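Coordinates as given in entry_0.csv (CSV, C-alpha atoms):
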```csv
chain,number,residue,atom,x,y,z
E,1,GLY,CA,0.0,0.0,0.0
E,2,THR,CA,0.9,3.7,0.0
E,3,ILE,CA,0.9,6.0,3.0
E,4,GLU,CA,0.8,9.8,3.1
E,5,LEU,CA,0.7,12.2,6.0
E,6,VAL,CA,-1.9,14.9,5.7
E,7,GLY,CA,-3.1,17.8,7.9
E,8,LEU,CA,0.3,18.1,9.7
E,9,ASP,CA,1.5,21.3,8.1
E,10,ASP,CA,2.3,22.8,11.5
E,11,LEU,CA,4.9,20.1,12.3
E,12,PRO,CA,8.5,20.3,11.2
E,13,LEU,CA,8.1,16.9,9.5
E,14,THR,CA,7.3,15.8,6.0
E,15,LEU,CA,6.8,12.2,4.9
E,16,GLY,CA,6.8,11.8,1.1
E,17,SER,CA,4.6,9.2,-0.6
E,18,THR,CA,5.6,6.0,1.1
E,19,GLY,CA,5.2,2.5,-0.2
E,20,VAL,CA,4.7,-0.2,2.4
E,21,GLU,CA,4.8,-4.0,2.0
E,22,LEU,CA,4.0,-6.3,5.0
E,23,ARG,CA,4.3,-10.1,4.8
E,24,ILE,CA,3.5,-12.5,7.7
E,25,ASN,CA,3.5,-16.2,8.3
E,26,THR,CA,2.7,-17.6,11.7
E,27,THR,CA,2.4,-21.2,10.7
E,28,PRO,CA,5.3,-23.7,11.1
E,29,ASP,CA,5.3,-24.5,7.4
E,30,PRO,CA,6.2,-22.5,4.2
E,31,VAL,CA,3.3,-21.0,2.3
E,32,VAL,CA,3.5,-21.0,-1.5
E,33,ASP,CA,0.3,-19.9,-3.4
E,34,ALA,CA,0.9,-18.5,-6.9
E,35,SER,CA,-2.7,-17.4,-7.2
E,36,LEU,CA,-2.3,-15.1,-4.2
E,37,GLY,CA,1.3,-14.2,-5.0
E,38,LEU,CA,2.5,-15.7,-1.7
E,39,ASP,CA,5.9,-17.3,-1.2
E,40,LEU,CA,6.6,-17.2,2.5
E,41,PRO,CA,9.2,-19.2,4.6
E,42,ALA,CA,8.1,-21.1,7.6
E,43,GLY,CA,7.0,-18.9,10.6
E,44,GLN,CA,7.4,-17.1,12.8
E,45,PHE,CA,8.1,-14.8,9.8
E,46,VAL,CA,7.5,-11.1,9.6
E,47,ARG,CA,8.7,-8.9,6.7
E,48,LEU,CA,8.2,-5.1,6.5
E,49,GLU,CA,9.6,-3.1,3.5
E,50,ILE,CA,9.3,0.7,3.4
E,51,ASP,CA,10.1,3.0,0.5
E,52,THR,CA,10.1,6.6,1.6
E,53,THR,CA,11.5,10.1,2.0
E,54,LEU,CA,11.4,11.6,5.5
E,55,THR,CA,12.3,15.3,6.1
E,56,VAL,CA,12.7,16.6,9.7
E,57,PHE,CA,13.8,20.2,10.4
E,58,ASP,CA,14.9,20.4,6.7
E,59,GLN,CA,17.1,17.3,7.1
E,60,SER,CA,16.1,14.6,4.7
E,61,LEU,CA,16.5,10.8,4.6
E,62,THR,CA,15.6,8.8,1.5
E,63,GLY,CA,15.7,5.1,0.8
E,64,VAL,CA,14.2,1.6,0.9
E,65,PHE,CA,14.2,0.0,4.3
E,66,LEU,CA,13.7,-3.7,5.2
E,67,PHE,CA,13.0,-5.3,8.5
E,68,GLU,CA,12.7,-9.1,8.4
E,69,GLN,CA,12.3,-11.7,11.2
E,70,VAL,CA,12.8,-15.3,10.2
E,71,ARG,CA,13.5,-18.6,11.8
E,72,ASN,CA,17.0,-19.9,11.4
E,73,ALA,CA,17.9,-23.6,11.4
E,74,GLY,CA,20.5,-23.2,14.2
E,75,ALA,CA,23.6,-25.3,14.7
E,76,ASP,CA,22.2,-28.6,13.3
E,77,GLY,CA,21.1,-27.0,10.0
E,78,VAL,CA,17.6,-28.4,10.3
E,79,LEU,CA,14.4,-26.4,10.8
E,80,ASN,CA,11.8,-27.3,13.4
E,81,THR,CA,14.3,-28.6,15.9
E,82,THR,CA,15.0,-27.4,19.4
E,83,ASP,CA,18.1,-25.3,18.4
E,84,ASP,CA,16.2,-23.1,16.0
E,85,LEU,CA,16.9,-19.4,16.3
E,86,ARG,CA,14.9,-16.3,15.5
E,87,ILE,CA,17.1,-13.8,13.6
E,88,LEU,CA,16.5,-10.3,12.4
E,89,ARG,CA,17.6,-9.0,9.1
E,90,ILE,CA,17.8,-5.2,8.6
E,91,ALA,CA,18.6,-3.7,5.2
E,92,ALA,CA,18.5,-0.5,3.3
E,93,SER,CA,19.3,0.5,-0.2
E,94,GLY,CA,19.4,3.8,-2.2
E,95,VAL,CA,19.9,5.7,1.0
E,96,ALA,CA,20.5,9.4,0.7
E,97,ARG,CA,21.1,11.7,3.7
E,98,PHE,CA,22.1,15.3,4.1
E,99,VAL,CA,23.0,16.9,7.5
E,100,GLY,CA,23.9,20.5,7.5
E,101,ASP,CA,22.9,23.9,6.0
E,102,ASP,CA,21.6,23.8,2.4
E,103,GLY,CA,21.9,27.6,2.2
E,104,GLY,CA,18.1,27.8,1.5
E,105,THR,CA,18.6,26.9,-2.1
E,106,SER,CA,17.9,23.7,-4.2
E,107,GLY,CA,21.5,23.7,-5.5
E,108,GLU,CA,24.4,22.0,-3.8
E,109,ASP,CA,27.2,24.6,-4.4
E,110,ASP,CA,26.4,26.6,-1.2
E,111,ASP,CA,25.7,23.5,1.0
E,112,ILE,CA,27.7,23.2,4.2
E,113,GLY,CA,27.5,19.8,5.8
E,114,VAL,CA,27.8,16.1,5.1
E,115,ARG,CA,25.9,14.4,2.2
E,116,VAL,CA,25.6,10.6,1.9
E,117,THR,CA,24.4,9.0,-1.4
E,118,GLY,CA,24.1,5.5,-2.7
E,119,GLY,CA,24.0,4.2,0.8
E,120,SER,CA,23.3,0.6,1.6
E,121,VAL,CA,23.0,-1.4,4.9
E,122,LEU,CA,22.9,-5.1,5.6
E,123,LEU,CA,22.6,-6.0,9.2
E,124,LEU,CA,22.1,-9.4,10.9
E,125,VAL,CA,21.0,-9.6,14.5
E,126,THR,CA,20.9,-13.0,16.2
E,127,PRO,CA,21.2,-14.6,19.7
E,128,ASP,CA,24.8,-15.3,18.7
E,129,GLY,CA,25.7,-11.7,18.1
E,130,VAL,CA,25.6,-9.0,15.4
E,131,ALA,CA,27.1,-8.7,11.9
E,132,GLY,CA,26.8,-6.3,9.0
E,133,ARG,CA,28.0,-4.1,6.3
E,134,ILE,CA,27.3,-0.3,5.8
E,135,ALA,CA,28.5,1.4,2.7
E,136,GLY,CA,27.9,4.6,0.8
E,137,THR,CA,29.5,7.7,-0.8
E,138,ALA,CA,30.2,10.5,1.7
E,139,SER,CA,30.9,14.1,0.8
E,140,LEU,CA,32.1,16.8,3.1
E,141,LEU,CA,30.6,20.1,1.7
E,142,LEU,CA,32.2,23.4,2.7
E,143,GLY,CA,30.3,25.9,0.6
E,144,ASP,CA,31.1,27.4,-2.8
E,145,ALA,CA,34.6,28.5,-1.7
E,146,PHE,CA,35.9,24.9,-1.4
E,147,GLU,CA,35.8,21.7,-3.4
E,148,PRO,CA,33.9,18.9,-1.8
E,149,VAL,CA,35.9,16.1,-0.1
E,150,THR,CA,34.4,12.8,-1.3
E,151,ALA,CA,35.1,9.1,-0.7
E,152,ASN,CA,33.4,5.8,-0.8
E,153,VAL,CA,33.2,4.3,2.7
E,154,THR,CA,32.5,0.7,3.7
E,155,VAL,CA,32.4,-0.7,7.2
E,156,GLU,CA,32.1,-4.4,7.9
E,157,ILE,CA,31.8,-6.1,11.3
E,158,ASN,CA,31.2,-9.7,12.4
E,159,GLN,CA,30.8,-10.4,16.1
E,160,LEU,CA,28.9,-13.7,15.8
E,161,ARG,CA,30.1,-16.5,18.1
E,162,ARG,CA,28.7,-19.6,19.7
E,163,THR,CA,29.9,-21.7,22.7
E,164,VAL,CA,30.4,-25.4,21.7
E,165,ALA,CA,31.8,-27.9,24.2
E,166,GLY,CA,33.1,-25.2,26.4
E,167,LYS,CA,34.9,-23.4,23.6
E,168,VAL,CA,33.9,-20.1,21.9
E,169,MET,CA,33.6,-20.7,18.2
E,170,PRO,CA,33.3,-17.8,15.7
E,171,LEU,CA,30.7,-18.0,13.0
E,172,ALA,CA,31.0,-16.9,9.4
E,173,VAL,CA,28.1,-15.1,7.7
E,174,ASP,CA,26.4,-15.9,4.4
E,175,GLU,CA,22.9,-14.3,4.4
E,176,GLN,CA,20.7,-13.2,1.5
E,177,TYR,CA,18.5,-10.1,1.6
E,178,VAL,CA,15.8,-9.1,-1.0
E,179,ILE,CA,15.1,-5.4,-0.9
E,180,GLY,CA,13.4,-3.5,-3.7
E,181,GLY,CA,13.2,-6.7,-5.7
E,182,VAL,CA,17.0,-7.0,-5.7
E,183,THR,CA,18.9,-9.7,-3.9
E,184,SER,CA,22.1,-8.8,-1.9
E,185,THR,CA,24.4,-11.1,-0.1
E,186,LEU,CA,26.2,-10.5,3.1
E,187,VAL,CA,29.3,-12.6,3.3
E,188,LEU,CA,31.8,-12.1,6.1
E,189,PRO,CA,34.6,-14.3,7.5
E,190,ALA,CA,34.4,-15.7,11.0
E,191,GLY,CA,35.3,-13.0,13.6
E,192,PRO,CA,35.6,-11.1,15.7
E,193,TYR,CA,36.2,-9.2,12.5
E,194,VAL,CA,36.2,-5.4,11.7
E,195,ARG,CA,37.1,-3.8,8.4
E,196,VAL,CA,36.9,-0.2,7.4
E,197,SER,CA,37.6,0.8,3.7
E,198,VAL,CA,37.9,4.3,2.3
E,199,SER,CA,38.4,4.4,-1.5
E,200,GLY,CA,38.4,7.2,-4.0
E,201,LEU,CA,39.2,9.8,-1.4
E,202,SER,CA,39.8,13.1,-3.2
E,203,LEU,CA,40.9,16.4,-1.6
E,204,ASP,CA,41.7,19.6,-3.5
E,205,ILE,CA,44.0,22.1,-1.7
E,206,ALA,CA,45.4,25.2,-3.4
E,207,GLY,CA,45.1,23.6,-6.8
E,208,GLN,CA,46.7,20.4,-5.7
E,209,ARG,CA,44.7,17.2,-5.6
E,210,LEU,CA,45.3,14.4,-3.0
E,211,THR,CA,43.8,11.0,-3.7
E,212,ALA,CA,44.0,7.8,-1.6
E,213,ASP,CA,42.6,4.4,-0.9
E,214,VAL,CA,42.8,3.3,2.7
E,215,THR,CA,41.8,0.0,4.4
E,216,VAL,CA,42.1,-1.0,8.0
E,217,GLU,CA,41.3,-4.5,9.1
E,218,ARG,CA,41.3,-6.3,12.4
E,219,ARG,CA,40.9,-10.0,12.9
E,220,THR,CA,41.1,-12.1,16.0
E,221,ARG,CA,43.8,-14.8,16.1
E,222,LEU,CA,42.2,-18.3,16.4
E,223,ASP,CA,43.4,-21.5,18.0
E,224,GLU,CA,44.2,-24.5,15.9
E,225,ASP,CA,40.7,-25.9,16.3
E,226,GLY,CA,39.2,-22.6,15.1
E,227,SER,CA,38.1,-21.4,18.5
E,228,ILE,CA,38.7,-17.9,19.8
E,229,LEU,CA,41.8,-17.7,22.0
E,230,THR,CA,41.3,-16.6,25.6
E,231,PRO,CA,43.7,-15.7,28.4
E,232,ASN,CA,43.3,-19.2,29.6
E,233,THR,CA,44.1,-20.9,26.3
E,234,PRO,CA,47.4,-22.9,26.8
E,235,VAL,CA,50.3,-21.8,24.6
E,236,HIS,CA,52.4,-24.6,23.1
```
Please express the file's structure as structure tokens.
Amino acid sequence: GTIELVGLDDLPLTLGSTGVELRINTTPDPVVDASLGLDLPAGQFVRLEIDTTLTVFDQSLTGVFLFEQVRNAGADGVLNTTDDLRILRIAASGVARFVGDDGGTSGEDDDIGVRVTGGSVLLLVTPDGVAGRIAGTASLLLGDAFEPVTANVTVEINQLRRTVAGKVMPLAVDEQYVIGGVTSTLVLPAGPYVRVSVSGLSLDIAGQRLTADVTVERRTRLDEDGSILTPNTPVH
């Protein structure tokens, strides 16, 4: 369906025409019915997708946002067993955000602030921890007297871990998200893992241009059996 806010002109909030799609399955079995356009995984399953533009105090946020709760097969890889987990997938695509002073004009030459375009978010929240990737193009705008400072920024993190036979085992990530009809995959190595990548960084100073690509990565050293080393792990 489509949602619009009306009669709220006195509030510093504007919600553009908003598309909303809600899917629910509370049964323990998948539901597939082509005549009704249903293709739902086994419950408890809830999926909410929102396509909107929200403006608050002249600061705008645009994008397609997904919130999806599904049942995961757990450690044994089999659904409908005692180790099943509920997981939450959160995603966003086409995110655009500006924070700052737009100079009261529709152009960008006099903007002062930070603008994010082409933003995307893939997050996984489970009882075993949190993992995700956030990416986008960020521009630092300093008005018409300076050239924008622009870079593509990606942040990845994986904190998923599970205790098995008294040992803390890290978990790799391989999850699919469907948002706006497009499938994206979140693939991350077992952690704890953090990676920050800045590419295409461009800075103009006094007619000179500085460009750079920078990546910082942190991985936790693992024991021979793949478990996370602790202060009590014997050293051989």
Within 12 Å of Ile24 (chain E) using all atoms listed in the file, minus same-chain residues under 3 positions, as an mmCIF file with C-alpha atoms, in the frame of the given file:
```cif
data_model
loop_
_atom_site.group_PDB
_atom_site.id
_atom_site.type_symbol
_atom_site.label_atom_id
_atom_site.label_comp_id
_atom_site.auth_asym_id
_atom_site.auth_seq_id
_atom_site.Cartn_x
_atom_site.Cartn_y
_atom_site.Cartn_z
ATOM 1 C CA GLU E 21 4.800 -4.000 2.000
ATOM 2 C CA THR E 27 2.400 -21.200 10.700
ATOM 3 C CA PRO E 28 5.300 -23.700 11.100
ATOM 4 C CA PRO E 30 6.200 -22.500 4.200
ATOM 5 C CA VAL E 31 3.300 -21.000 2.300
ATOM 6 C CA LEU E 38 2.500 -15.700 -1.700
ATOM 7 C CA ASP E 39 5.900 -17.300 -1.200
ATOM 8 C CA LEU E 40 6.600 -17.200 2.500
ATOM 9 C CA PRO E 41 9.200 -19.200 4.600
ATOM 10 C CA ALA E 42 8.100 -21.100 7.600
ATOM 11 C CA GLY E 43 7.000 -18.900 10.600
ATOM 12 C CA GLN E 44 7.400 -17.100 12.800
ATOM 13 C CA PHE E 45 8.100 -14.800 9.800
ATOM 14 C CA VAL E 46 7.500 -11.100 9.600
ATOM 15 C CA ARG E 47 8.700 -8.900 6.700
ATOM 16 C CA LEU E 48 8.200 -5.100 6.500
ATOM 17 C CA GLU E 49 9.600 -3.100 3.500
ATOM 18 C CA PHE E 67 13.000 -5.300 8.500
ATOM 19 C CA GLU E 68 12.700 -9.100 8.400
ATOM 20 C CA GLN E 69 12.300 -11.700 11.200
ATOM 21 C CA VAL E 70 12.800 -15.300 10.200
#
```
Check which residues of region 179-220 of chain E sit at most 9 Å from region 119-137 of chain E using all atoms listed in the file, and return one row each with the closest pair of atoms and their distance in Å to one decimal, ordered by chain and rising number, as a Markdown table.
```
| residue | atom | partner | partner_atom | distance |
| --- | --- | --- | --- | --- |
| E:Ser184 | CA | E:Leu122 | CA | 8.4 |
| E:Thr185 | CA | E:Leu122 | CA | 8.4 |
| E:Leu186 | CA | E:Leu122 | CA | 6.8 |
| E:Val187 | CA | E:Gly132 | CA | 8.9 |
| E:Leu188 | CA | E:Gly132 | CA | 8.2 |
```
Box for region 118-136 of chain E: with edges along x, y and z, all listed atoms inside and 6 Å added on each side, what are the centre and edge lengths in Å to one decimal, as JSON?
```
{"center_x": 24.7, "center_y": -4.9, "center_z": 8.5, "size_x": 19.6, "size_y": 32.8, "size_z": 34.4}
```
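Closest approach to Gly19 (chain E) from the set E:Gly180, E:Gly103, E:Pro148, E:Gly143 is made by E:Gly180, with distances taken over all atoms listed in the file.
Among E:Ala73, E:Ser93, E:Ala34, E:Ser60, the residue with the shortest atom-to-atom distance to Thr183 (chain E), counting only C-alpha atoms, is E:Ser93.
Between CA of Val116 (chain E) and CA of Val196 (chain E) the separation is 16.6 Å.
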Point-to-point distance in Å for CA of Glu108 (chain E) and CA of Val153 (chain E): 20.8 Å
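Using only C-alpha atoms for every distance, the candidate list E:Glu175, E:Asp223, E:Asp111, E:Asp204 yields E:Glu175 as the residue closest to Ile90 (chain E).
Rounded to one decimal, CA of Leu203 (chain E) and CA of Thr150 (chain E) lie 7.4 Å from each other.
Residues in contact range of Gly200 (chain E), defined as at most 7 Å between all atoms listed in the file, with sequence neighbours fewer than 2 positions away removed, read Ala151, Asn152, Val198, Ser202, Thr211, Ala212 and Asp213 of chain E.
Compared by their closest atoms to Ile205 (chain E), and using all atoms listed in the file, the residues E:Glu217, E:Asp174, E:Asp102, E:Glu147 rank with E:Glu147 nearest.
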Which of E:Val178, E:Val114, E:Ala206, E:Leu141 sits closest to Gln59 (chain E) [using all atoms listed in the file]: E:Val114
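Nearest to Ser139 (chain E) of all the residues E:Tyr177, E:Phe65, E:Phe98, E:Tyr193 is E:Phe98, counting all atoms listed in the file.
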Local residues around (16.6, -19.7, 10.9), at most 7 Å away, using all atoms listed in the file, as number ranges by chain: E: 70-74, 84-87
With C-alpha atoms retained, write the just-selected residues as a PDB file, in the coordinates of the input.
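Saved file out.pdb follows:
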```pdb
ATOM      1  CA  VAL E  70      12.800 -15.300  10.200  1.00  0.00           C
ATOM      2  CA  ARG E  71      13.500 -18.600  11.800  1.00  0.00           C
ATOM      3  CA  ASN E  72      17.000 -19.900  11.400  1.00  0.00           C
ATOM      4  CA  ALA E  73      17.900 -23.600  11.400  1.00  0.00           C
ATOM      5  CA  GLY E  74      20.500 -23.200  14.200  1.00  0.00           C
ATOM      6  CA  ASP E  84      16.200 -23.100  16.000  1.00  0.00           C
ATOM      7  CA  LEU E  85      16.900 -19.400  16.300  1.00  0.00           C
ATOM      8  CA  ARG E  86      14.900 -16.300  15.500  1.00  0.00           C
ATOM      9  CA  ILE E  87      17.100 -13.800  13.600  1.00  0.00           C
TER      10      ILE E  87
END
```
